[in-house]
Amino acid sequence: MTHQFMPERPVDGPLIDPLLDRTFGHDRHGKTVYRLREGIRPVTALSFVAVHEDDSLLASIRYWPIRIADHPAILLGPLAVEPAQQGRGIGKGLVYHSLTEARKQGHSACVVVGDPAYYEPFGFQSAVSYGLILPGPVDPPRFQVLELKPGALDGVQGLIGREESAALPGEERAAAGVRQVS
């Protein structure tokens with residue numbers, strides 16, 4: 001099967017939530033990372049898809065602006081691959097592609113909550129060992145961070161928070177059916 005990576009297109013948007021449901025289930029919205037993303041615009045320049053040669057959606061990855069204390073960072077996820085296509089390297093290819101782009105775009109640090117065996121080969125390490133705190137329940141080994149610029153996390157520690165400057169305006173939030181997050 002041939003596929004290609006490309007920036008997320010408007011036509012992909014309506015297909016991504018159903019893909020996430022098939023990949024993670026309908027209860028995914030209760031996870032801590034969703035509170036960091038809810039009502040916030042993803043980083044458009046880091047939203048990518050993998051499409052089949054027939055233009056069908058195979059996978060999606062997005063990143064979200066966050067803050068580690070007062071320092072800007074990005075949150076990877078969700079990464080979703082069509083269940084029938086998992087295990088073929090599509091997701092790993094998207095992660096590699098998007099992290100390369102994040103470095104080119106000048107991002108300094110990336111946080112993810114995911115399987116350590118999957119993300120460690122990309123250089124992710126325990127976020128807890130850096131003194132980072134996620135606001136909500138998380139399995140500590142799954143909470144990881146990657147310096148995209150060497151030394152970016154020197155002296156950086158504390159609570160991970162939402163990047164409120166990227167919040168959707170009220171009318172866009174209402175149109176999207178997004179509830180207010182406190």
# chains A, B, ... in the order shown; residues from 1 in each chain; ligands from 1
call {"tool": "residues_around", "arguments": {"residues": "Val128 of chain A", "least_positions_apart": "2", "cutoff": "8 Å", "atoms": "only C-alpha atoms", "output": "CSV table (one decimal) with N, CA, C and O atoms, in the first residue's frame"}}
result
chain,number,residue,atom,x,y,z
A,126,SER,N,11.0,10.4,30.4
A,126,SER,CA,10.1,10.7,31.5
A,126,SER,C,10.0,12.1,31.8
A,126,SER,O,11.0,12.8,32.1
A,130,TYR,N,11.9,15.3,34.8
A,130,TYR,CA,12.3,16.7,34.5
A,130,TYR,C,11.6,17.6,35.5
A,130,TYR,O,11.8,18.8,35.5
A,131,GLY,N,10.7,17.1,36.4
A,131,GLY,CA,9.9,17.9,37.3
A,131,GLY,C,8.7,18.5,36.7
A,131,GLY,O,8.2,19.5,37.1
A,132,LEU,N,8.2,17.9,35.6
A,132,LEU,CA,7.0,18.4,35.0
A,132,LEU,C,5.7,17.7,35.6
A,132,LEU,O,5.8,16.6,36.1
A,133,ILE,N,4.7,18.5,35.7
A,133,ILE,CA,3.4,18.0,36.3
A,133,ILE,C,2.3,18.2,35.4
A,133,ILE,O,2.1,19.3,34.8
A,140,PRO,N,2.3,7.8,35.2
A,140,PRO,CA,3.6,8.5,35.1
A,140,PRO,C,4.5,8.0,34.0
A,140,PRO,O,5.1,8.8,33.3
A,143,PHE,N,3.7,9.7,30.6
A,143,PHE,CA,3.9,11.1,30.6
A,143,PHE,C,5.4,11.4,30.2
A,143,PHE,O,6.3,11.2,31.0
A,144,GLN,N,5.6,11.9,29.0
A,144,GLN,CA,7.0,12.0,28.4
A,144,GLN,C,7.2,13.4,27.8
A,144,GLN,O,6.2,14.0,27.4
call {"tool": "select_by_dssp", "arguments": {"residues": "segment 5-114 of chain A", "states": "strand (DSSP E)", "output": "PyMOL selection string"}}
result
chain A and resi 5-7+48-52+57-68+71-81+109-113
call {"tool": "closest_residue", "arguments": {"among": "A:His3, A:Arg37, A:Lys31, A:His26", "to": "Ile74 of chain A", "atoms": "only C-alpha atoms"}}
result
A:Arg37
call {"tool": "closest_residue", "arguments": {"among": "A:Gln105, A:Ser56, A:Thr44, A:Ser165", "to": "Leu15 of chain A", "atoms": "only C-alpha atoms"}}
result
A:Ser56
call {"tool": "residues_around", "arguments": {"residues": "Lys104 of chain A", "least_positions_apart": "6", "cutoff": "12 Å", "atoms": "only C-alpha atoms", "output": "PyMOL selection string"}}
result
chain A and resi 45-46+97-98+148-149
call {"tool": "closest_residue", "arguments": {"among": "A:Gly91, A:Gly13, A:Pro72, A:Gly39", "to": "Val111 of chain A", "atoms": "only C-alpha atoms"}}
result
A:Pro72
call {"tool": "residues_around", "arguments": {"residues": "Gln125 of chain A", "least_positions_apart": "2", "cutoff": "10 Å", "atoms": "only C-alpha atoms", "output": "list in words"}}
result
Val111, Val112, Pro116, Tyr119, Glu120, Pro121, Phe122, Gly123, Ala127, Val128, Ser129, Tyr130, Pro141, Arg142, Phe143, Gln144, Val145, Leu146 and Glu147 of chain A
call {"tool": "select_by_dssp", "arguments": {"residues": "segment 5-160 of chain A", "states": "helix (DSSP H, G or I)", "output": "PyMOL selection string"}}
result
chain A and resi 13-24+26-30+32-37+44-46+83-85+90-104+116-122+128-130+140-142
call {"tool": "closest_residue", "arguments": {"among": "A:Phe5, A:Phe24, A:Phe124, A:Tyr34", "to": "Ser47 of chain A", "atoms": "only C-alpha atoms"}}
result
A:Phe5
call {"tool": "closest_residue", "arguments": {"among": "A:Ala166, A:Ile16, A:Ala50, A:Ile40", "to": "Gln85 of chain A", "atoms": "only C-alpha atoms"}}
result
A:Ala50
call {"tool": "atom_distance", "arguments": {"atom1": "atom CA of Gly77 of chain A", "atom2": "atom CA of Tyr63 of chain A"}}
result
5.7 Å
call {"tool": "residues_around", "arguments": {"residues": "Ala59 of chain A", "least_positions_apart": "6", "cutoff": "12 Å", "atoms": "only C-alpha atoms", "output": "ChimeraX atom specification"}}
result
/A:3-8,12-13,15-20,22-23,47-52,77-86,88-95
